[in-house]
Amino acid sequence: MSSPKTSIEKGKLLERFVAELLRNSGLDPRARRQVGSGNGLKKGDIDNNIGWCIECKNTKTFNWKSTAEQVARESMNHQKEVIIWHPPNRPFDDSIAIINVNEFIDLLVKVQNSRDKEDILDKYQIKSHLEKATYHLKQVYKDV
């Protein structure tokens, strides 16, 4: 594949990459690049059903202030905001997601709570197996 010639083409490459990540992860099987992003009712660079306004920047320099203002406008205060920046001369997998610190903490809490539930389930399953084993050992003891 030849290298993109314009900044618009570069942006589209990152947008397609992020949409594909969302689809492949199972988070949103219908995620796609938003044609004419920012125009009309659909805002953000990625059309998605996950409740996030996603703004992609594939630029040499990163203007934090204008990008943050852009994603805040496009989220219209009813979506969570994330900026995906692809640093120059790096693979797309090295792109950086920038989110509000409170959203970051909320995500970590959800991950931890999910792990705690898995631990509880594992402990419950082990307890159940031990109870069954104890029952069967008692039956064997009675028979002997």
# chains A, B, ... in the order shown; residues from 1 in each chain; ligands from 1
>>> closest_atom_pairs(of="stretch 38-94 of chain A", to="stretch 103-107 of chain A", cutoff="10 Å", atoms="only C-alpha atoms", output="JSON lines")
{"residue": "A:Lys80", "atom": "CA", "partner": "A:Glu103", "partner_atom": "CA", "distance": 8.0}
{"residue": "A:Glu81", "atom": "CA", "partner": "A:Glu103", "partner_atom": "CA", "distance": 9.0}
{"residue": "A:Val82", "atom": "CA", "partner": "A:Glu103", "partner_atom": "CA", "distance": 9.6}
>>> write_last_selection(atoms="C-alpha atoms", output="short mmCIF file (atom, residue, chain, number, x, y, z; two decimals), in the first residue's frame")
data_model
loop_
_atom_site.label_atom_id
_atom_site.label_comp_id
_atom_site.auth_asym_id
_atom_site.auth_seq_id
_atom_site.Cartn_x
_atom_site.Cartn_y
_atom_site.Cartn_z
CA LYS A 80 -17.97 10.11 26.82
CA GLU A 81 -15.01 11.59 24.98
CA VAL A 82 -11.83 9.94 23.76
#
>>> select_by_dssp(residues="stretch 44-110 of chain A", states="strand (DSSP E or B)", output="VMD selection string")
chain A and resid 46 to 47 52 to 57 80 to 85 96 to 99
>>> closest_residue(among="A:Val71, A:Leu14, A:Leu22, A:Met76", to="A:Ile96", atoms="only C-alpha atoms")
A:Leu14
>>> closest_residue(among="A:Ala19, A:Trp85, A:Asp45, A:Asn58", to="A:Thr6", atoms="only C-alpha atoms")
A:Asn58
>>> select_by_dssp(residues="chain A", states="helix (DSSP H, G or I)", output="number ranges by chain")
A: 7-25, 64-75, 92-94, 101-143
>>> residues_around(residues="A:Asp93", least_positions_apart="5", cutoff="12 Å", atoms="only C-alpha atoms", output="list of chain:residue names")
A:Leu14, A:Phe17, A:Val18, A:Glu20, A:Leu21, A:Ile84, A:Trp85, A:His86, A:Pro87
>>> atom_distance(atom1="atom CA of A:Asp94", atom2="atom CA of A:Trp64")
18.0 Å
>>> atom_distance(atom1="atom CA of A:Ser114", atom2="atom CA of A:Glu15")
29.4 Å
>>> atom_distance(atom1="atom CA of A:Lys43", atom2="atom CA of A:Ile8")
16.8 Å
